[in-house]
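I have placed the structure first, in the form of C-alpha cells, so that the comments after it can refer back to it.
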Amino acid sequence: MKDVLRIATFRRLLGAWTIGNLADSALFLTLAIWAKDLSGSSGAAALVFLALGLPALTAPLLGLLADRARRRSLLIAANLAAAVVAASLVLVDGASDLWIIYAVAFAYGALGILNGSAQSGLLRDLLPDEHLDNANALLSTIDQGLRIITPAIGAGLYVLWGGGALGLGVAAILVLTALALLTVHVVESAPESAEERSGFWAEAAGGFRHVASIPLLARIVIVTAIAFGVLGVFESALFEVVEKGLGMEAAFFGVLMSIQGAAAIVGGLTSATALRRLGPARTVGVALLGLGVAAFGLAADLLPIPLLPVSVVAIAISGISVPWLVVALITTRQRLTPPRLQGRTAAATNLAMSLPQLASIAAGAALITVVDYRLVMVTAGVVLLGCAAVLVIGRTPTPDAAEETADETPGAAPDPTGPGELPGLAA
C-alpha cells in the first residue's frame with residue numbers, strides 16, 4: 001500500500017472519502033436504532049436498510065449520469081445534497097415521523113450509488129491497474145475500520161442530544177467532504193461525444209452488456225448476487241440476536257458493528273494479498289465461506305453453546321470476509337472495464353446484488369416475526385456455503401488478454417482472441 005500512498009492526488013481523494021465515510025457509517029447504523037426505539041419493532045429497524053437499498057432500482061440511470069458528467073464535480077454536488085438530506089432529520093419528533101427516517105435513508109442511498117459509480121471511474125482515471133487492488137484494499141479497510149468508532153459517535157450523539165443532532169453533525173461532515181474534494185485534481189477521461197452515443201436506453205444498459213461479455217466477471221457477479229439473496233436477512237436477524245439471544249438493548253447492535261470493524265481492518269490489510277494469491281473468483285468464494293460460517297455462529301444457541309462468545313467470533317469472521325469480497329469484486333470490475341463505462345458497470349453490479357438483497361431484507365423483516373431467527377440464519381448459512389463452493393471448487397474462467405486493454409475504446413466489446421492472464425488477478 002506504500003506505493004499507492006505516494007501518489008499525492010490519491011491521498012487527497014482518500015482523505016476526502018474518509019471524512020465522508022465517517023458520516024455515512026454513523027448515520028446508517030443509528031437510523032436503524034432510532035427506528036427500533038420509535039416503533040419497538042425489529043422489522044421497522046430492518047426497513048431502514050430496505051430504504052437504503054431501494055435506490056438500487058435506479059442504478060443504471062445513476063451510473064449513466066456518472067459516465068456522462070465530470071466526476072469530481074458530481075461528487076462535490078452529491079455530498080452537498082446529502083448534507084441537506086441529513087439535516088432534515090431535525091424534523092423527526094416521534095413515531096408518526098418514521099417516514100422521514102425512511103425518506104432520508106432512501107435519498108441517502110441514491111446519492112451513495114451515484115458517489116460509488118463516480119468514484120470508480122475517478123480511481124480508474126487516477127491510478128494504473130497495478131495500484132487498483134491496494135487502493136481498493138485501503139478504501140475498504142477504512143470503510144470497515146471506521147465501524148470501530150462511528151457507532152459510538154453516532155449512538156453517543158443520538159443518546160445525548162437526539163437524532164436531530166446526529167443529522168446536523170453528519171451534514172457538517174459532508175460539507176467538509178465537499179470542500180476536501182475541491183483539492184483533488186485529476187485529468188479525467190472525456191465523456192463520450194454525442195456522435196459516439198447509441199441512444200439513452202442502450203447506453204444505460206451498457207454496463208449489463210459489458211458484465212455479460214466477460215465470463216470471469218459474469219460468474220463472480222451471478223454467484224455473489226445469489227449470496228446477497230440471503231445476506232439481507234442478517235439485518236433483521238442481528239437485532240433479534242441482540243434482543244432475544246443475548247438479552248441486550250438495541251444499542252448493543254453498535255457494539256457488534258464495532259467488533260466487525262476491528263476485524264475488517266485485518267480483512268482490508270490482507271485483501272490485496274489474497275486477491276493476488278487466490279485470484280478473484282476464489283477470493284470471493286472464500287469470503288462467502290466466511291459469511292456462511294458466521295451465519296451458523298449467530299444461531300449457535302440452537303445447541304447448548306454460549307451465544308455471546310460465538311456471536312462475537314462470528315461477527316469478527318464476517319468482518320474479515322467483507323473486505324475480501326468487496327476488494328476482489330471491485331478491483332476485477334475496474335480492471336476489466338473501460339474508463340467511461342466504469343459508472344454503468346459499477347451500477348450494473350450494484351443492481352445485480354441489490355435486488356436480491358432487497359428481496360431478502362423484506363422477506364427477513366416479515367419472517368423474523370413468525371420464524372425463529374436461528375432457523376433463518378441456518379438457512380442463510382447453507383446458501384452461502386453453496387455459493388462459496390461454486391467459486392472455490394469450480395473451474396475459474398480465464399480473462400482474455402484483450403480484456404486487460406479494454407480501455408482503448410470506451411464501450412467496445414473485448415476481443416475474444418489472445419487468451420492470457422491479468423497481472424495481479426490470478427495466482
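Identifiers in this document derive from the order of the C-alpha cells: chains are assigned A, B, ..., residues are numbered from 1 separately in each chain, and ligands are numbered from 1 in order of occurrence.
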As a PyMOL selection string, please: every residue in segment 97-341 of chain A that a backbone DSSP assignment puts in helix (DSSP H, G or I). chain A and resi 97-126+129-148+150-161+163-181+200-204+206-213+215-231+233-245+252-278+280-297+300-302+307-335+339-341
Å distance separating atom CA of Ala348 of chain A from atom CA of Leu62 of chain A, one decimal place: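 Pair atom CA of Ala348 of chain A / atom CA of Leu62 of chain A returns 10.1 Å.
Neighbouring residues of Leu358 of chain A at 8 Å or closer, counting only C-alpha atoms and skipping chain neighbours under 2 positions away, are Leu50, Gly53, Leu54, Gly229, Gly232, Ser354, Leu355, Pro356, Ser360, Ile361 and Ala362 of chain A.
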Give me, as a Markdown table, the closest atom pair and its distance (Å, one decimal) for every residue of segment 76-181 of chain A within a cut-off of 10 Å of segment 251-262 of chain A, counting only C-alpha atoms, rows sorted by chain and rising number.
```
| residue | atom | partner | partner_atom | distance |
| --- | --- | --- | --- | --- |
| A:Thr141 | CA | A:Gly261 | CA | 8.6 |
| A:Ile142 | CA | A:Gly261 | CA | 8.9 |
| A:Asp143 | CA | A:Gly261 | CA | 8.3 |
| A:Gln144 | CA | A:Gly261 | CA | 4.9 |
| A:Gly145 | CA | A:Gly261 | CA | 4.4 |
| A:Leu146 | CA | A:Gly261 | CA | 6.4 |
| A:Arg147 | CA | A:Gly261 | CA | 4.6 |
| A:Ile148 | CA | A:Ser258 | CA | 4.0 |
| A:Ile149 | CA | A:Ser258 | CA | 6.8 |
| A:Thr150 | CA | A:Ser258 | CA | 8.0 |
| A:Pro151 | CA | A:Gly254 | CA | 5.2 |
| A:Ala152 | CA | A:Gly254 | CA | 7.1 |
| A:Gly154 | CA | A:Gly254 | CA | 9.1 |
| A:Ala155 | CA | A:Ala251 | CA | 7.4 |
| A:Val159 | CA | A:Ala251 | CA | 9.6 |
```
Hey, can you spit out that residue selection with N, CA and C atoms as a compact mmCIF listing (two decimals), in the first residue's frame?
```
# COMPACT_ATOMS: atom_id res chain seq x y z
N THR A 141 -10.49 -1.04 3.97
CA THR A 141 -10.02 -1.09 5.35
C THR A 141 -10.57 0.08 6.15
N ILE A 142 -10.50 1.26 5.57
CA ILE A 142 -11.01 2.45 6.26
C ILE A 142 -12.53 2.37 6.39
N ASP A 143 -13.19 1.95 5.33
CA ASP A 143 -14.65 1.84 5.33
C ASP A 143 -15.14 0.96 6.47
N GLN A 144 -14.56 -0.22 6.58
CA GLN A 144 -14.98 -1.14 7.61
C GLN A 144 -14.39 -0.78 8.98
N GLY A 145 -13.15 -0.30 8.97
CA GLY A 145 -12.50 0.02 10.23
C GLY A 145 -13.14 1.18 10.96
N LEU A 146 -13.77 2.10 10.21
CA LEU A 146 -14.46 3.22 10.85
C LEU A 146 -15.61 2.75 11.75
N ARG A 147 -16.03 1.51 11.53
CA ARG A 147 -17.11 0.99 12.37
C ARG A 147 -16.69 0.83 13.83
N ILE A 148 -15.39 0.90 14.07
CA ILE A 148 -14.93 0.83 15.46
C ILE A 148 -15.37 2.06 16.22
N ILE A 149 -15.30 3.23 15.57
CA ILE A 149 -15.60 4.48 16.28
C ILE A 149 -16.93 5.12 15.90
N THR A 150 -17.37 4.92 14.65
CA THR A 150 -18.58 5.63 14.23
C THR A 150 -19.85 5.19 14.95
N PRO A 151 -20.02 3.88 15.28
CA PRO A 151 -21.22 3.55 16.04
C PRO A 151 -21.27 4.27 17.39
N ALA A 152 -20.09 4.37 18.04
CA ALA A 152 -20.05 5.07 19.33
C ALA A 152 -20.35 6.55 19.16
N GLY A 154 -22.04 8.00 16.57
CA GLY A 154 -23.43 8.16 16.18
C GLY A 154 -24.40 7.89 17.32
N ALA A 155 -24.17 6.77 18.03
CA ALA A 155 -25.05 6.43 19.15
C ALA A 155 -24.92 7.45 20.26
N VAL A 159 -28.02 9.37 21.72
CA VAL A 159 -28.44 9.19 23.11
C VAL A 159 -28.40 10.52 23.88
```
Counting only C-alpha atoms, what are the residues of segment 35-80 of chain A within 12 Å of segment 85-92 of chain A, and for each of them which pair of atoms is the nearest and at what distance in Å, to one decimal? Sort the table by chain and rising number, as CSV.
```
residue,atom,partner,partner_atom,distance
A:Ala35,CA,A:Val92,CA,10.7
A:Leu38,CA,A:Val92,CA,10.3
A:Ala78,CA,A:Val85,CA,10.5
A:Asn79,CA,A:Val85,CA,9.8
A:Leu80,CA,A:Val85,CA,8.9
```
Those residues you just picked out, can you put them in a file as a compact mmCIF listing (two decimals), in the first residue's frame with N, CA and C atoms?
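Once written, selection-v1.txt looks like this:
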```
# COMPACT_ATOMS: atom_id res chain seq x y z
N ALA A 35 -35.15 3.97 14.52
CA ALA A 35 -36.42 3.38 14.09
C ALA A 35 -36.89 2.31 15.06
N LEU A 38 -38.27 4.09 18.21
CA LEU A 38 -39.54 4.78 17.98
C LEU A 38 -40.71 3.80 17.85
N ALA A 78 -23.00 15.85 -5.05
CA ALA A 78 -23.71 14.78 -4.33
C ALA A 78 -23.52 14.89 -2.83
N ASN A 79 -22.31 15.25 -2.39
CA ASN A 79 -22.07 15.39 -0.94
C ASN A 79 -22.82 16.58 -0.36
N LEU A 80 -22.90 17.66 -1.09
CA LEU A 80 -23.66 18.81 -0.61
C LEU A 80 -25.15 18.47 -0.54
```
Among listed residues A:Val211, A:Val390, A:Leu122, A:Leu325, nearest Ala352 of chain A (using only C-alpha atoms):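 Of A:Val211, A:Val390, A:Leu122, A:Leu325, the one nearest Ala352 of chain A is A:Val211, counting only C-alpha atoms.
Remark: for Ile368 of chain A, the closest of the candidate residues A:Leu127, A:Val84, A:Leu238, A:Ile100 is A:Leu238 (distances computed over only C-alpha atoms).
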Which of these residues is nearest to Leu157 of chain A, using only C-alpha atoms: A:Cys387, A:Leu246, A:Leu126, A:Leu27?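 Smallest distance to Leu157 of chain A is found for A:Leu27.
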I'd like the contact shell of segment 313-322 of chain A - 7 Å cut-off, only C-alpha atoms, skipping same-chain residues fewer than 6 positions apart - returned as a PyMOL selection string. chain A and resi 256+259-261+263-264+266-267+287+290-291+294+297-298
Write the residues of the selection above to a file with C-alpha atoms, as an mmCIF file, in the first residue's frame.
```cif
data_model
loop_
_atom_site.group_PDB
_atom_site.id
_atom_site.type_symbol
_atom_site.label_atom_id
_atom_site.label_comp_id
_atom_site.auth_asym_id
_atom_site.auth_seq_id
_atom_site.Cartn_x
_atom_site.Cartn_y
_atom_site.Cartn_z
ATOM 1 C CA LEU A 256 -21.222 -5.773 17.403
ATOM 2 C CA ILE A 259 -16.203 -5.642 16.604
ATOM 3 C CA GLN A 260 -16.860 -6.233 12.919
ATOM 4 C CA GLY A 261 -14.993 -3.041 12.085
ATOM 5 C CA ALA A 263 -11.830 -7.447 12.297
ATOM 6 C CA ALA A 264 -12.345 -5.692 8.964
ATOM 7 C CA VAL A 266 -7.368 -7.301 9.242
ATOM 8 C CA GLY A 267 -9.515 -8.203 6.243
ATOM 9 C CA ALA A 287 -15.213 -14.585 1.637
ATOM 10 C CA GLY A 290 -16.593 -16.958 5.960
ATOM 11 C CA LEU A 291 -20.014 -15.310 5.835
ATOM 12 C CA ALA A 294 -20.748 -16.510 10.552
ATOM 13 C CA GLY A 297 -22.350 -18.959 14.507
ATOM 14 C CA LEU A 298 -25.193 -16.478 15.090
#
```
Of the candidates A:Ala82, A:Leu391, A:Met377, A:Ala205, which shows the shortest atom-to-atom distance to Arg344 of chain A, using only C-alpha atoms? A:Ala205
If you count only C-alpha atoms, the residue of A:Leu22, A:Ser42, A:Val392, A:Ala347 closest to His210 of chain A turns out to be A:Ala347
Distance criterion (only C-alpha atoms): nearest to Ser96 of chain A out of A:Arg282, A:Ile76, A:Ser39, A:Gly364: A:Ser39
Near Asn350 of chain A, counting only C-alpha atoms, which residues have an atom at most 9 Å away, once you skip same-chain residues fewer than 4 positions from it, shown as a VMD selection string? chain A and resid 56 59 113 345 to 346 354 to 355
Just the selected residues (N, CA, C and O atoms), exported as a compact mmCIF listing (two decimals), in the first residue's frame, please.
```txt
# COMPACT_ATOMS: atom_id res chain seq x y z
N ALA A 56 -31.23 1.30 -5.52
CA ALA A 56 -30.50 0.45 -6.48
C ALA A 56 -31.32 0.21 -7.74
O ALA A 56 -30.77 -0.07 -8.81
N ALA A 59 -30.14 2.39 -10.34
CA ALA A 59 -28.69 2.36 -10.52
C ALA A 59 -28.24 2.55 -11.97
O ALA A 59 -27.28 3.28 -12.22
N ILE A 113 -25.09 5.58 -4.25
CA ILE A 113 -24.86 4.85 -5.50
C ILE A 113 -24.19 5.76 -6.53
O ILE A 113 -23.25 5.36 -7.23
N THR A 345 -21.02 0.10 -15.34
CA THR A 345 -20.70 -1.26 -14.90
C THR A 345 -20.78 -1.36 -13.38
O THR A 345 -21.27 -2.37 -12.84
N ALA A 346 -20.32 -0.33 -12.68
CA ALA A 346 -20.48 -0.32 -11.22
C ALA A 346 -21.95 -0.36 -10.85
O ALA A 346 -22.36 -1.09 -9.94
N SER A 354 -28.11 -5.78 -5.38
CA SER A 354 -29.06 -5.09 -4.50
C SER A 354 -30.48 -5.64 -4.62
O SER A 354 -31.20 -5.71 -3.61
N LEU A 355 -30.89 -6.04 -5.82
CA LEU A 355 -32.26 -6.55 -5.97
C LEU A 355 -32.50 -7.79 -5.12
O LEU A 355 -33.47 -7.84 -4.36
```
Phe10 of chain A environment, 10 Å, only C-alpha atoms, sequence neighbours closer than 2 positions dropped, as a compact mmCIF listing (two decimals) with C-alpha atoms, in the first residue's frame:
```
# COMPACT_ATOMS: atom_id res chain seq x y z
CA VAL A 4 -0.24 3.99 -3.87
CA LEU A 5 0.06 6.31 -0.87
CA ARG A 6 2.98 8.05 -2.56
CA ILE A 7 0.52 9.45 -5.12
CA ALA A 8 -0.47 12.86 -3.73
CA ARG A 12 -6.27 13.84 -1.14
CA LEU A 13 -9.08 11.70 -2.56
CA LEU A 14 -8.58 9.20 0.26
CA GLY A 15 -8.79 11.98 2.84
CA ALA A 16 -11.99 13.41 1.39
CA LEU A 122 -12.24 8.57 -10.92
CA LEU A 123 -9.96 5.86 -9.48
CA LEU A 126 -6.20 8.32 -11.47
CA LEU A 127 -4.36 5.01 -10.91
CA ALA A 135 -6.15 1.34 -3.38
CA VAL A 184 -8.44 16.73 -5.76
CA HIS A 185 -7.23 17.43 -9.30
CA VAL A 186 -7.49 14.52 -11.75
```
